[in-house]
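Colleague: Enclosed is the structure file upload_31.cif (mmCIF, C-alpha atoms).
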```cif
data_coords
#
loop_
_atom_site.label_atom_id
_atom_site.label_comp_id
_atom_site.auth_asym_id
_atom_site.auth_seq_id
_atom_site.Cartn_x
_atom_site.Cartn_y
_atom_site.Cartn_z
CA MET A 1 26.83 38.24 154.49
CA THR A 2 26.64 38.23 150.70
CA GLU A 3 24.65 35.99 148.43
CA ARG A 4 27.88 34.29 147.36
CA THR A 5 28.78 33.23 150.90
CA PRO A 6 27.94 29.54 150.16
CA ARG A 7 30.54 29.66 147.38
CA LEU A 8 33.11 30.90 149.90
CA SER A 9 32.20 28.02 152.20
CA ARG A 10 32.78 25.55 149.39
CA LEU A 11 36.15 27.12 148.66
CA ARG A 12 37.14 26.73 152.30
CA ARG A 13 36.24 23.04 152.21
CA MET A 14 38.16 22.54 148.96
CA VAL A 15 41.43 23.68 150.50
CA PRO A 16 41.39 23.00 154.24
CA GLU A 17 45.18 23.10 154.34
CA ALA A 18 45.15 26.59 152.86
CA ARG A 19 42.40 27.79 155.22
CA ALA A 20 44.50 26.68 158.17
CA GLY A 21 47.67 28.07 156.63
CA ARG A 22 50.06 25.64 154.92
CA SER A 23 53.17 25.04 156.94
CA ALA A 24 56.31 26.96 156.13
CA GLU A 25 58.14 23.66 155.70
CA ALA A 26 55.62 22.52 153.07
CA ARG A 27 56.22 25.70 151.09
CA GLY A 28 59.99 25.43 151.36
CA ALA A 29 60.23 28.47 153.62
CA ARG A 30 61.85 28.61 157.02
CA PRO A 31 59.44 27.55 159.78
CA ARG A 32 58.06 30.35 161.92
CA ARG A 33 57.17 30.30 165.57
CA ARG A 34 53.39 30.06 165.82
CA GLY A 35 51.83 33.36 166.76
CA ALA A 36 55.09 35.29 166.38
CA GLN A 37 54.23 37.38 163.32
CA PRO A 38 51.19 38.82 161.55
CA LYS A 39 49.72 36.91 158.63
CA VAL A 40 49.78 39.38 155.74
CA VAL A 41 48.25 39.06 152.27
CA ALA A 42 49.28 41.59 149.61
CA LEU A 43 47.22 42.06 146.45
CA GLY A 44 48.29 43.73 143.23
CA GLY A 45 50.57 43.25 140.27
CA GLY A 46 53.63 44.56 138.52
CA MET A 47 56.19 46.83 140.12
CA GLY A 48 53.75 48.23 142.68
CA LEU A 49 53.16 44.83 144.25
CA SER A 50 56.89 44.10 144.06
CA ALA A 51 57.61 47.25 146.08
CA SER A 52 55.08 46.24 148.71
CA LEU A 53 56.43 42.68 148.96
CA ALA A 54 60.04 43.86 149.23
CA ALA A 55 58.94 45.90 152.25
CA LEU A 56 56.61 43.36 153.85
CA ARG A 57 59.10 40.48 153.75
CA ARG A 58 61.27 42.55 156.07
CA ILE A 59 58.67 42.56 158.84
CA THR A 60 56.84 39.23 158.59
CA GLY A 61 57.63 35.67 157.64
CA ASP A 62 53.97 34.83 156.98
CA LEU A 63 53.37 36.61 153.69
CA THR A 64 51.21 35.72 150.69
CA ALA A 65 51.01 37.62 147.41
CA VAL A 66 47.81 37.39 145.35
CA VAL A 67 48.61 38.51 141.83
CA THR A 68 46.50 39.75 138.94
CA VAL A 69 46.46 37.58 135.79
CA ALA A 70 45.21 39.94 133.09
CA ASP A 71 48.57 40.89 131.56
CA ASP A 72 48.57 40.56 127.78
CA GLY A 73 51.77 42.35 126.76
CA GLY A 74 55.41 41.42 126.24
CA SER A 75 56.73 37.96 127.06
CA SER A 76 53.66 37.14 129.17
CA GLY A 77 51.30 38.03 126.35
CA ARG A 78 53.21 35.93 123.85
CA LEU A 79 53.20 32.89 126.12
CA ARG A 80 49.54 33.43 126.90
CA ASP A 81 48.63 33.62 123.20
CA GLU A 82 50.80 30.69 122.12
CA LEU A 83 50.16 28.25 124.97
CA GLY A 84 46.87 29.41 126.48
CA VAL A 85 48.43 29.75 129.94
CA LEU A 86 48.07 32.33 132.67
CA PRO A 87 50.36 35.30 132.03
CA PRO A 88 53.38 34.54 134.26
CA GLY A 89 55.09 37.95 134.29
CA ASP A 90 53.54 39.55 137.37
CA LEU A 91 53.84 36.25 139.25
CA ARG A 92 57.55 36.17 138.35
CA LYS A 93 58.05 39.75 139.58
CA ALA A 94 56.38 38.91 142.88
CA LEU A 95 58.64 35.88 143.36
CA ALA A 96 61.71 38.00 142.61
CA ALA A 97 60.60 40.60 145.17
CA LEU A 98 60.32 37.88 147.81
CA CYS A 99 63.92 36.73 147.29
CA GLY A 100 66.24 37.43 150.19
CA ASP A 101 69.06 39.94 150.30
CA ASP A 102 71.74 37.23 150.58
CA ASP A 103 73.79 35.99 147.62
CA TRP A 104 71.42 33.08 146.93
CA GLY A 105 68.33 35.25 146.88
CA GLN A 106 69.80 38.06 144.82
CA THR A 107 71.37 35.67 142.31
CA TRP A 108 68.08 33.90 141.71
CA ALA A 109 66.20 37.20 141.57
CA ARG A 110 68.49 38.31 138.74
CA VAL A 111 68.23 34.96 136.96
CA ILE A 112 64.44 34.80 136.83
CA GLN A 113 64.26 38.47 135.79
CA HIS A 114 66.86 37.99 133.03
CA ARG A 115 65.56 38.56 129.50
CA PHE A 116 67.14 36.97 126.45
CA GLN A 117 68.40 39.29 123.73
CA SER A 118 68.43 37.74 120.29
CA GLN A 119 67.19 38.00 116.74
CA GLY A 120 64.90 35.00 117.21
CA GLU A 121 61.83 33.80 119.05
CA LEU A 122 63.47 33.95 122.48
CA HIS A 123 64.02 37.70 122.26
CA GLU A 124 62.75 39.50 125.38
CA HIS A 125 61.41 36.32 126.99
CA ALA A 126 62.14 36.31 130.73
CA VAL A 127 63.80 33.20 132.17
CA GLY A 128 61.35 33.12 135.07
CA ASN A 129 58.36 33.18 132.73
CA LEU A 130 59.64 30.10 130.90
CA LEU A 131 60.43 28.31 134.17
CA ILE A 132 56.97 28.97 135.62
CA VAL A 133 55.16 27.86 132.45
CA ALA A 134 57.33 24.73 132.18
CA LEU A 135 56.36 23.72 135.72
CA TRP A 136 52.70 24.42 135.02
CA GLU A 137 52.89 22.03 132.09
CA GLN A 138 54.83 19.43 134.09
CA LEU A 139 52.69 19.51 137.22
CA GLY A 140 49.31 20.62 135.87
CA ASP A 141 48.77 22.71 139.00
CA HIS A 142 49.29 26.49 139.14
CA VAL A 143 49.68 26.69 142.90
CA GLN A 144 51.95 23.67 143.31
CA ALA A 145 54.24 24.94 140.55
CA LEU A 146 54.54 28.43 142.06
CA ASP A 147 55.22 26.94 145.49
CA LEU A 148 58.02 24.88 143.93
CA VAL A 149 59.57 27.92 142.25
CA GLY A 150 59.37 29.75 145.56
CA LYS A 151 61.16 26.86 147.27
CA LEU A 152 63.92 26.94 144.65
CA LEU A 153 64.41 30.67 145.14
CA GLY A 154 64.19 30.56 148.91
CA ALA A 155 61.33 33.08 148.64
CA HIS A 156 60.22 34.76 151.86
CA GLY A 157 56.54 34.18 151.21
CA ARG A 158 54.05 32.55 148.87
CA VAL A 159 52.78 33.70 145.46
CA LEU A 160 49.28 32.86 144.17
CA PRO A 161 47.33 33.92 141.08
CA MET A 162 44.02 35.61 141.84
CA SER A 163 42.24 33.43 139.26
CA ALA A 164 43.07 30.16 137.51
CA VAL A 165 41.92 31.43 134.10
CA PRO A 166 43.54 34.12 131.95
CA LEU A 167 41.52 37.32 132.15
CA GLU A 168 40.99 40.18 129.73
CA LEU A 169 40.78 43.68 131.15
CA GLN A 170 38.41 46.08 129.42
CA ALA A 171 37.94 49.77 130.18
CA LEU A 172 35.40 52.41 129.31
CA VAL A 173 37.46 55.45 128.31
CA LYS A 174 36.19 58.94 127.63
CA GLY A 175 38.15 60.78 124.95
CA HIS A 176 40.20 57.77 123.89
CA ASP A 177 40.05 59.23 120.39
CA PRO A 178 41.29 62.85 120.66
CA GLU A 179 39.05 63.78 117.73
CA ARG A 180 35.99 62.66 119.73
CA PRO A 181 36.77 63.97 123.25
CA ASP A 182 33.24 63.46 124.60
CA ASP A 183 32.74 59.90 123.32
CA VAL A 184 33.23 56.83 125.51
CA ASP A 185 34.96 53.84 123.91
CA THR A 186 35.79 50.34 125.10
CA VAL A 187 39.53 49.72 125.32
CA ARG A 188 40.64 46.09 125.54
CA GLY A 189 43.75 44.58 127.10
CA GLN A 190 45.74 45.44 130.21
CA ALA A 191 48.75 46.72 128.28
CA THR A 192 46.52 49.07 126.27
CA VAL A 193 44.48 50.24 129.27
CA ALA A 194 47.65 51.08 131.22
CA LEU A 195 48.75 53.60 128.59
CA THR A 196 45.43 54.73 127.17
CA PRO A 197 44.88 58.38 126.31
CA GLY A 198 41.66 59.85 127.63
CA GLU A 199 39.94 59.37 130.97
CA VAL A 200 39.27 55.86 132.26
CA GLN A 201 35.71 55.75 133.59
CA SER A 202 35.60 52.14 134.78
CA VAL A 203 37.10 48.71 134.17
CA HIS A 204 35.70 45.19 134.07
CA LEU A 205 36.97 41.67 133.43
CA VAL A 206 36.19 39.14 130.74
CA PRO A 207 34.87 36.69 131.78
CA ASN A 208 32.93 38.90 134.18
CA ASP A 209 32.54 36.22 136.88
CA PRO A 210 35.97 34.54 136.95
CA PRO A 211 36.67 31.85 139.54
CA ALA A 212 39.08 32.80 142.30
CA VAL A 213 41.94 30.50 143.21
CA PRO A 214 40.71 28.79 146.41
CA GLU A 215 44.05 29.21 148.17
CA ALA A 216 43.93 32.96 147.53
CA VAL A 217 40.46 33.21 149.08
CA ALA A 218 41.57 31.11 152.04
CA ALA A 219 44.63 33.31 152.59
CA VAL A 220 42.52 36.47 152.68
CA LEU A 221 40.04 34.93 155.11
CA ASP A 222 42.85 33.74 157.39
CA ALA A 223 44.91 36.96 157.33
CA ASP A 224 45.58 39.47 160.08
CA TRP A 225 46.25 42.22 157.52
CA VAL A 226 45.41 42.60 153.83
CA VAL A 227 47.41 45.14 151.82
CA LEU A 228 46.02 46.47 148.54
CA GLY A 229 48.28 48.53 146.27
CA PRO A 230 50.35 50.37 145.33
CA GLY A 231 50.34 49.80 141.58
CA SER A 232 48.63 50.65 138.33
CA TRP A 233 45.21 51.57 139.66
CA PHE A 234 42.91 50.31 136.93
CA SER A 235 45.09 47.48 135.62
CA SER A 236 46.71 46.01 138.77
CA VAL A 237 44.81 47.14 141.89
CA ILE A 238 41.11 47.31 141.03
CA PRO A 239 41.01 43.97 139.08
CA HIS A 240 41.17 42.08 142.40
CA LEU A 241 37.86 43.68 143.35
CA LEU A 242 36.26 42.37 140.15
CA VAL A 243 36.69 38.68 141.05
CA PRO A 244 33.45 38.01 142.97
CA GLU A 245 34.74 35.35 145.38
CA LEU A 246 37.85 37.39 146.16
CA LEU A 247 35.80 40.53 146.77
CA ASP A 248 33.49 38.56 149.07
CA ALA A 249 36.52 37.33 151.01
CA LEU A 250 37.91 40.87 151.26
CA THR A 251 34.54 42.08 152.53
CA GLU A 252 34.02 39.28 155.06
CA THR A 253 37.54 38.72 156.39
CA LYS A 254 38.28 39.73 159.97
CA ALA A 255 41.63 41.05 158.76
CA ARG A 256 42.39 44.76 158.85
CA ARG A 257 42.69 46.28 155.36
CA VAL A 258 45.28 48.86 154.34
CA LEU A 259 45.35 50.62 150.98
CA SER A 260 48.75 51.87 149.87
CA LEU A 261 48.59 54.79 147.44
CA ASN A 262 50.93 55.48 144.57
CA LEU A 263 53.60 58.15 144.77
CA ALA A 264 52.37 59.92 141.64
CA PRO A 265 49.65 59.62 138.99
CA GLN A 266 50.54 57.34 136.10
CA PRO A 267 50.66 58.63 132.54
CA GLY A 268 47.62 57.27 130.77
CA GLU A 269 45.20 55.59 133.13
CA THR A 270 45.42 57.95 136.15
CA GLU A 271 46.98 61.08 134.69
CA GLY A 272 45.82 64.12 136.66
CA PHE A 273 44.37 62.03 139.53
CA SER A 274 44.61 63.41 143.05
CA PRO A 275 45.19 60.95 145.92
CA GLN A 276 41.54 61.27 146.96
CA ARG A 277 40.33 60.56 143.43
CA HIS A 278 42.10 57.20 143.59
CA LEU A 279 39.92 56.37 146.59
CA GLU A 280 36.75 57.59 144.90
CA VAL A 281 37.40 55.38 141.86
CA LEU A 282 38.10 52.34 144.02
CA GLY A 283 34.91 52.98 145.99
CA ARG A 284 32.82 53.09 142.83
CA HIS A 285 34.12 49.67 141.76
CA ALA A 286 33.60 48.06 145.20
CA PRO A 287 31.05 50.15 147.13
CA LYS A 288 30.63 47.57 149.92
CA LEU A 289 34.35 47.26 150.66
CA ALA A 290 35.50 49.06 153.81
CA LEU A 291 39.11 49.92 154.56
CA ASP A 292 40.90 50.52 157.85
CA VAL A 293 43.97 52.53 156.84
CA VAL A 294 45.06 54.50 153.78
CA LEU A 295 48.83 54.91 153.54
CA ALA A 296 50.29 57.73 151.46
CA ASP A 297 53.66 59.38 151.07
CA VAL A 298 53.73 62.60 153.04
CA ALA A 299 55.13 64.56 150.09
CA ALA A 300 52.55 63.23 147.62
CA VAL A 301 49.46 64.66 149.37
CA PRO A 302 48.91 68.36 148.65
CA ASP A 303 45.43 68.40 150.22
CA ARG A 304 45.36 66.36 153.42
CA ASP A 305 41.85 67.38 154.40
CA SER A 306 40.33 66.15 151.13
CA LEU A 307 42.19 62.85 151.39
CA THR A 308 41.04 62.43 154.99
CA GLU A 309 37.42 63.00 153.98
CA ALA A 310 37.66 60.53 151.09
CA ALA A 311 39.21 57.94 153.38
CA LYS A 312 36.49 58.42 156.00
CA ARG A 313 33.86 57.56 153.40
CA LEU A 314 35.58 54.17 153.08
CA GLY A 315 35.84 53.79 156.85
CA ALA A 316 39.58 54.41 156.94
CA ALA A 317 42.10 56.55 158.76
CA VAL A 318 44.96 58.19 156.86
CA GLU A 319 48.60 57.52 157.69
CA LEU A 320 51.18 59.79 156.07
CA ALA A 321 54.82 58.74 156.09
CA PRO A 322 57.97 59.27 154.01
CA VAL A 323 58.02 56.11 151.87
CA ALA A 324 59.62 57.34 148.61
CA ARG A 325 63.22 56.91 147.57
CA THR A 326 65.36 59.94 148.23
CA ASP A 327 66.69 60.10 144.65
CA GLY A 328 63.57 61.90 143.46
CA SER A 329 62.22 58.98 141.42
CA PRO A 330 58.57 57.93 141.93
CA ARG A 331 59.57 54.63 143.54
CA HIS A 332 59.02 53.31 147.03
CA ASP A 333 61.98 52.75 149.32
CA PRO A 334 61.62 49.22 150.74
CA GLU A 335 63.07 50.12 154.15
CA LEU A 336 60.92 53.22 154.57
CA LEU A 337 57.82 51.40 153.35
CA ALA A 338 58.55 48.52 155.72
CA ALA A 339 58.78 50.97 158.61
CA ALA A 340 55.43 52.51 157.64
CA TYR A 341 53.72 49.11 157.41
CA ASP A 342 55.20 48.01 160.72
CA ARG A 343 53.94 51.17 162.42
CA ILE A 344 50.45 50.66 160.96
CA PHE A 345 50.32 47.02 162.04
CA ARG A 346 51.29 47.96 165.58
CA MET A 347 49.13 51.06 165.98
CA HIS A 348 45.99 50.11 164.07
CA GLY A 349 45.86 46.35 164.40
CA ARG A 350 43.93 44.57 167.07
CA ILE A 351 46.12 43.25 169.87
CA GLY A 352 47.59 40.34 167.97
CA PRO A 353 49.80 37.38 168.86
CA TRP A 354 52.83 39.09 167.25
CA ARG A 355 52.67 41.77 169.99
#
```
Spit out the file's structure as structure tokens when you get a sec.

Modeller:
Amino acid sequence: MTERTPRLSRLRRMVPEARAGRSAEARGARPRRRGAQPKVVALGGGMGLSASLAALRRITGDLTAVVTVADDGGSSGRLRDELGVLPPGDLRKALAALCGDDDWGQTWARVIQHRFQSQGELHEHAVGNLLIVALWEQLGDHVQALDLVGKLLGAHGRVLPMSAVPLELQALVKGHDPERPDDVDTVRGQATVALTPGEVQSVHLVPNDPPAVPEAVAAVLDADWVVLGPGSWFSSVIPHLLVPELLDALTETKARRVLSLNLAPQPGETEGFSPQRHLEVLGRHAPKLALDVVLADVAAVPDRDSLTEAAKRLGAAVELAPVARTDGSPRHDPELLAAAYDRIFRMHGRIGPWR
């Protein structure tokens, strides 16, 4: 037990309906038969989380996305600066990924992802960003507003921010200035960190002790499986481990934890990283966090032994599977990724009610 355990207890009491799992009807989703499916929580941001959600919604109807809120670029950054709101962009992408494959779901997915093209202030603003922020202002409640958007879209799951306050991501980067390759500088802002030259040593959040959204903590504590990644490692995956209450929940939950690795290093923040180095970096930021399974694409692991050893240090087994699209692009195929998750849930999970 950690020294922040009393704070987790208070969070549980604050949202008893979330701790017990809000009904599907209350969230606008189709009701599920109790005990029929695993409760899955996916953490991340951006396109990596979207890929995971598009896969997971195919195998469970009890799905919650917990999304990073440190974005400071593009439409989200402009809304954040002008209105002082949470950046809505990654939340919007998660909602779009949870839309169904029918005409209703795909139409709404396109609508909320649509960006205006103009010579004025609306240029490059996403429709979904404006809708989410409008509901935040109308309702004064981040979670209620996102639940309402999800109901409108017919989303196959729930989307929650990891914190109720906008966060700034800062990184210590060695060689950020090519003329000073041995110096370590502080780089500020998620958009800048994601594309920074040099070698990212570590990241932290400002404020450094942000409050977690109680419903997000409750979802993690109540889950059967927690999925972390794929996504931008320093700017979308690791930030969840820097929210103290969320990290405590991830450490204490009885859920099994699976880490999904990227298909390739990302230019900038993880350029030149091996799969095992991703694990080493994550372990340095959250040394007390244990994992159960590390999932990687079979073609993206040149040194299986080294990855296996790195995973063992985190308490995890390695599962290799073909999860990439066959067109050669570094993107996950939702059907293949769904099959990999389903296999992991069945083979590595405790005997659960969905069996």

Colleague: How close does each residue of segment 235-293 of chain A get to segment 310-329 of chain A, giving the shortest atom pair and distance in Å to one decimal for every residue with an atom at most 7 Å away, counting all atoms listed in the file, sorted by chain and residue number, as a tab-separated table?

Modeller:
```
residue	atom	partner	partner_atom	distance
A:Gln276	CA	A:Ala310	CA	5.7
A:Leu279	CA	A:Ala310	CA	6.5
A:Glu280	CA	A:Ala310	CA	6.9
A:Ala290	CA	A:Leu314	CA	5.2
A:Leu291	CA	A:Ala316	CA	5.1
A:Asp292	CA	A:Ala316	CA	4.2
A:Val293	CA	A:Ala316	CA	4.8
```

Colleague: I need the residue set behind the PyMOL selection byres ((chain A and resi 296) around 12) for this file; please write it as a PyMOL selection string.

Modeller: chain A and resi 229-230+258-264+274-276+278-279+293-295+297-304+307-308+311+317-324+332+336-337+340-341+344

Colleague: Report as a CSV table (one decimal) with C-alpha atoms, in the frame of the given file the residues that result from applying the PyMOL selection byres ((chain A and resi 197-211) around 7) to the structure here.

Modeller:
```csv
chain,number,residue,atom,x,y,z
A,163,SER,CA,42.2,33.4,139.3
A,164,ALA,CA,43.1,30.2,137.5
A,167,LEU,CA,41.5,37.3,132.2
A,168,GLU,CA,41.0,40.2,129.7
A,169,LEU,CA,40.8,43.7,131.2
A,170,GLN,CA,38.4,46.1,129.4
A,171,ALA,CA,37.9,49.8,130.2
A,172,LEU,CA,35.4,52.4,129.3
A,173,VAL,CA,37.5,55.4,128.3
A,174,LYS,CA,36.2,58.9,127.6
A,175,GLY,CA,38.2,60.8,125.0
A,176,HIS,CA,40.2,57.8,123.9
A,195,LEU,CA,48.8,53.6,128.6
A,196,THR,CA,45.4,54.7,127.2
A,212,ALA,CA,39.1,32.8,142.3
A,213,VAL,CA,41.9,30.5,143.2
A,234,PHE,CA,42.9,50.3,136.9
A,242,LEU,CA,36.3,42.4,140.2
A,243,VAL,CA,36.7,38.7,141.0
A,244,PRO,CA,33.4,38.0,143.0
A,268,GLY,CA,47.6,57.3,130.8
A,269,GLU,CA,45.2,55.6,133.1
```

Colleague: Let me know the residues the PyMOL selection byres ((chain A and resi 46) around 10) catches in the file above, as a list of chain:residue names.

Modeller: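 Evaluating the PyMOL selection byres ((chain A and resi 46) around 10) on these coordinates yields A:Gly44, A:Gly45, A:Met47, A:Gly48, A:Leu49, A:Ser50, A:Ala51, A:Val67, A:Thr68, A:Asp71, A:Gly89, A:Asp90, A:Leu91, A:Arg92, A:Lys93, A:Ala94, A:Pro230, A:Gly231, A:Ser232, A:Ser235, A:Ser236, A:Val237.
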
Colleague: Counting only C-alpha atoms, which residues sit no farther than 7 Å from the position (44.8, 28.9, 146.0) in the file's frame? I'd like them as a list of chain:residue names.

Modeller: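 Applying the cut-off with only C-alpha atoms, one gets A:Val143, A:Leu160, A:Val213, A:Pro214, A:Glu215, A:Ala216, A:Val217.
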
Colleague: Would you compute the distance between atom CA of His285 of chain A and atom CA of Leu86 of chain A? Give it in Å to one decimal.

Modeller: 24.0 Å

Colleague: May I have the centre and edge lengths, in Å to one decimal, of an axis-aligned box around the listed atoms of segment 211-226 of chain A with 8 Å added to every side, as lines of an AutoDock Vina configuration file?

Modeller:
```
center_x = 41.5
center_y = 35.7
center_z = 149.8
size_x = 25.6
size_y = 29.8
size_z = 36.5
```

Colleague: When you draw a straight line from atom CA of Gln117 of chain A to atom CA of Ser75 of chain A, how long is it in Å?

Modeller: 12.2 Å

Colleague: Which residues are close to Arg115 of chain A, i.e. within 10 Å by only C-alpha atoms, leaving aside same-chain residues fewer than 2 positions away? Reply as a list in words.

Modeller: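 Counting only C-alpha atoms, the residues come to Ser75, Arg110, Val111, Ile112, Gln113, Gln117, Ser118, Leu122, His123, Glu124, His125, Ala126, Val127, Gly128 and Asn129 of chain A.
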
Colleague: Let me make sure I understand: among A:Val69, A:Leu247, A:Val165, A:Ala42, which one has the smallest atom-to-atom distance to Gln190 of chain A if we use only C-alpha atoms?

Modeller: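 Closest to Gln190 of chain A, using only C-alpha atoms: A:Val69.
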
Colleague: Determine the nearest neighbour of Ala191 of chain A from the options A:Val220, A:Ala54, A:Ala70, A:Ala96, counting all atoms listed in the file.

Modeller: A:Ala70

Colleague: Of the candidates A:Asp101, A:Asp333, A:Asp72, A:Asp342, which one gets nearest to Thr192 of chain A if we count all atoms listed in the file?

Modeller: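 Under the stated criterion, the closest residue is A:Asp72.
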
Colleague: Go through A:Arg57, A:Lys39, A:His114, A:Arg158 and flag the residue nearest Leu95 of chain A, using only C-alpha atoms for the distances.

Modeller: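 Checking each of A:Arg57, A:Lys39, A:His114, A:Arg158 against Leu95 of chain A, counting only C-alpha atoms, the winner is A:Arg158.
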
Colleague: Tell me, in Å to one decimal, how far atom CA of Thr107 of chain A is from atom CA of Ala145 of chain A.

Modeller: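 It comes out at 20.3 Å.
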
Colleague: Between A:His156, A:His348, A:Arg58, A:Arg277, which has the minimum distance to Asp224 of chain A (counting all atoms listed in the file)?

Modeller: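 Checking each of A:His156, A:His348, A:Arg58, A:Arg277 against Asp224 of chain A, counting all atoms listed in the file, the winner is A:His348.
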
Colleague: Could you list, as a list in words, every residue within 9 Å of Ile59 of chain A, counting only C-alpha atoms and ignoring same-chain residues fewer than 2 positions away?

Modeller: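 The residues that qualify are Gln37, Pro38, Ala55, Leu56, Arg57, Gly61, Ala338, Ala339, Tyr341 and Asp342 of chain A.
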
Colleague: Could you add whatever atoms are missing so that segment 57-63 of chain A carries all heavy atoms, then write the result as a tab-separated table (two decimals), keeping the file's coordinate frame?

Modeller:
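Output below, filename out.tsv:
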```tsv
chain	number	residue	atom	x	y	z
A	57	ARG	N	58.28	41.64	153.38
A	57	ARG	CA	59.10	40.48	153.75
A	57	ARG	C	60.12	40.84	154.82
A	57	ARG	O	60.69	39.95	155.47
A	57	ARG	CB	59.78	39.88	152.53
A	57	ARG	CG	60.87	40.71	151.89
A	57	ARG	CD	61.57	39.93	150.79
A	57	ARG	NE	62.46	40.74	149.98
A	57	ARG	CZ	63.70	41.07	150.31
A	57	ARG	NH1	64.20	40.66	151.47
A	57	ARG	NH2	64.45	41.79	149.50
A	58	ARG	N	60.35	42.12	155.04
A	58	ARG	CA	61.27	42.55	156.07
A	58	ARG	C	60.65	42.54	157.47
A	58	ARG	O	61.38	42.62	158.46
A	58	ARG	CB	61.79	43.96	155.75
A	58	ARG	CG	62.78	44.01	154.59
A	58	ARG	CD	63.02	45.42	154.10
A	58	ARG	NE	64.26	45.55	153.33
A	58	ARG	CZ	64.39	45.19	152.06
A	58	ARG	NH1	63.36	44.68	151.41
A	58	ARG	NH2	65.55	45.32	151.44
A	59	ILE	N	59.31	42.45	157.53
A	59	ILE	CA	58.67	42.56	158.84
A	59	ILE	C	57.78	41.37	159.19
A	59	ILE	O	57.27	41.31	160.30
A	59	ILE	CB	57.85	43.87	158.94
A	59	ILE	CG1	56.77	43.94	157.86
A	59	ILE	CG2	58.76	45.08	158.87
A	59	ILE	CD1	55.87	45.16	157.98
A	60	THR	N	57.60	40.45	158.26
A	60	THR	CA	56.84	39.23	158.59
A	60	THR	C	57.33	38.06	157.75
A	60	THR	O	57.73	38.23	156.60
A	60	THR	CB	55.32	39.44	158.36
A	60	THR	OG1	54.64	38.23	158.75
A	60	THR	CG2	55.01	39.71	156.90
A	61	GLY	N	57.29	36.89	158.35
A	61	GLY	CA	57.63	35.67	157.64
A	61	GLY	C	56.41	34.91	157.17
A	61	GLY	O	56.53	33.82	156.61
A	62	ASP	N	55.22	35.48	157.40
A	62	ASP	CA	53.97	34.83	156.98
A	62	ASP	C	53.29	35.74	155.97
A	62	ASP	O	52.40	36.53	156.30
A	62	ASP	CB	53.07	34.59	158.19
A	62	ASP	CG	52.01	33.54	157.91
A	62	ASP	OD1	51.57	33.45	156.75
A	62	ASP	OD2	51.63	32.82	158.85
A	63	LEU	N	53.74	35.66	154.73
A	63	LEU	CA	53.37	36.61	153.69
A	63	LEU	C	52.90	35.88	152.44
A	63	LEU	O	53.56	34.95	151.97
A	63	LEU	CB	54.58	37.49	153.35
A	63	LEU	CG	54.45	38.52	152.24
A	63	LEU	CD1	53.32	39.51	152.53
A	63	LEU	CD2	55.78	39.27	152.07
```
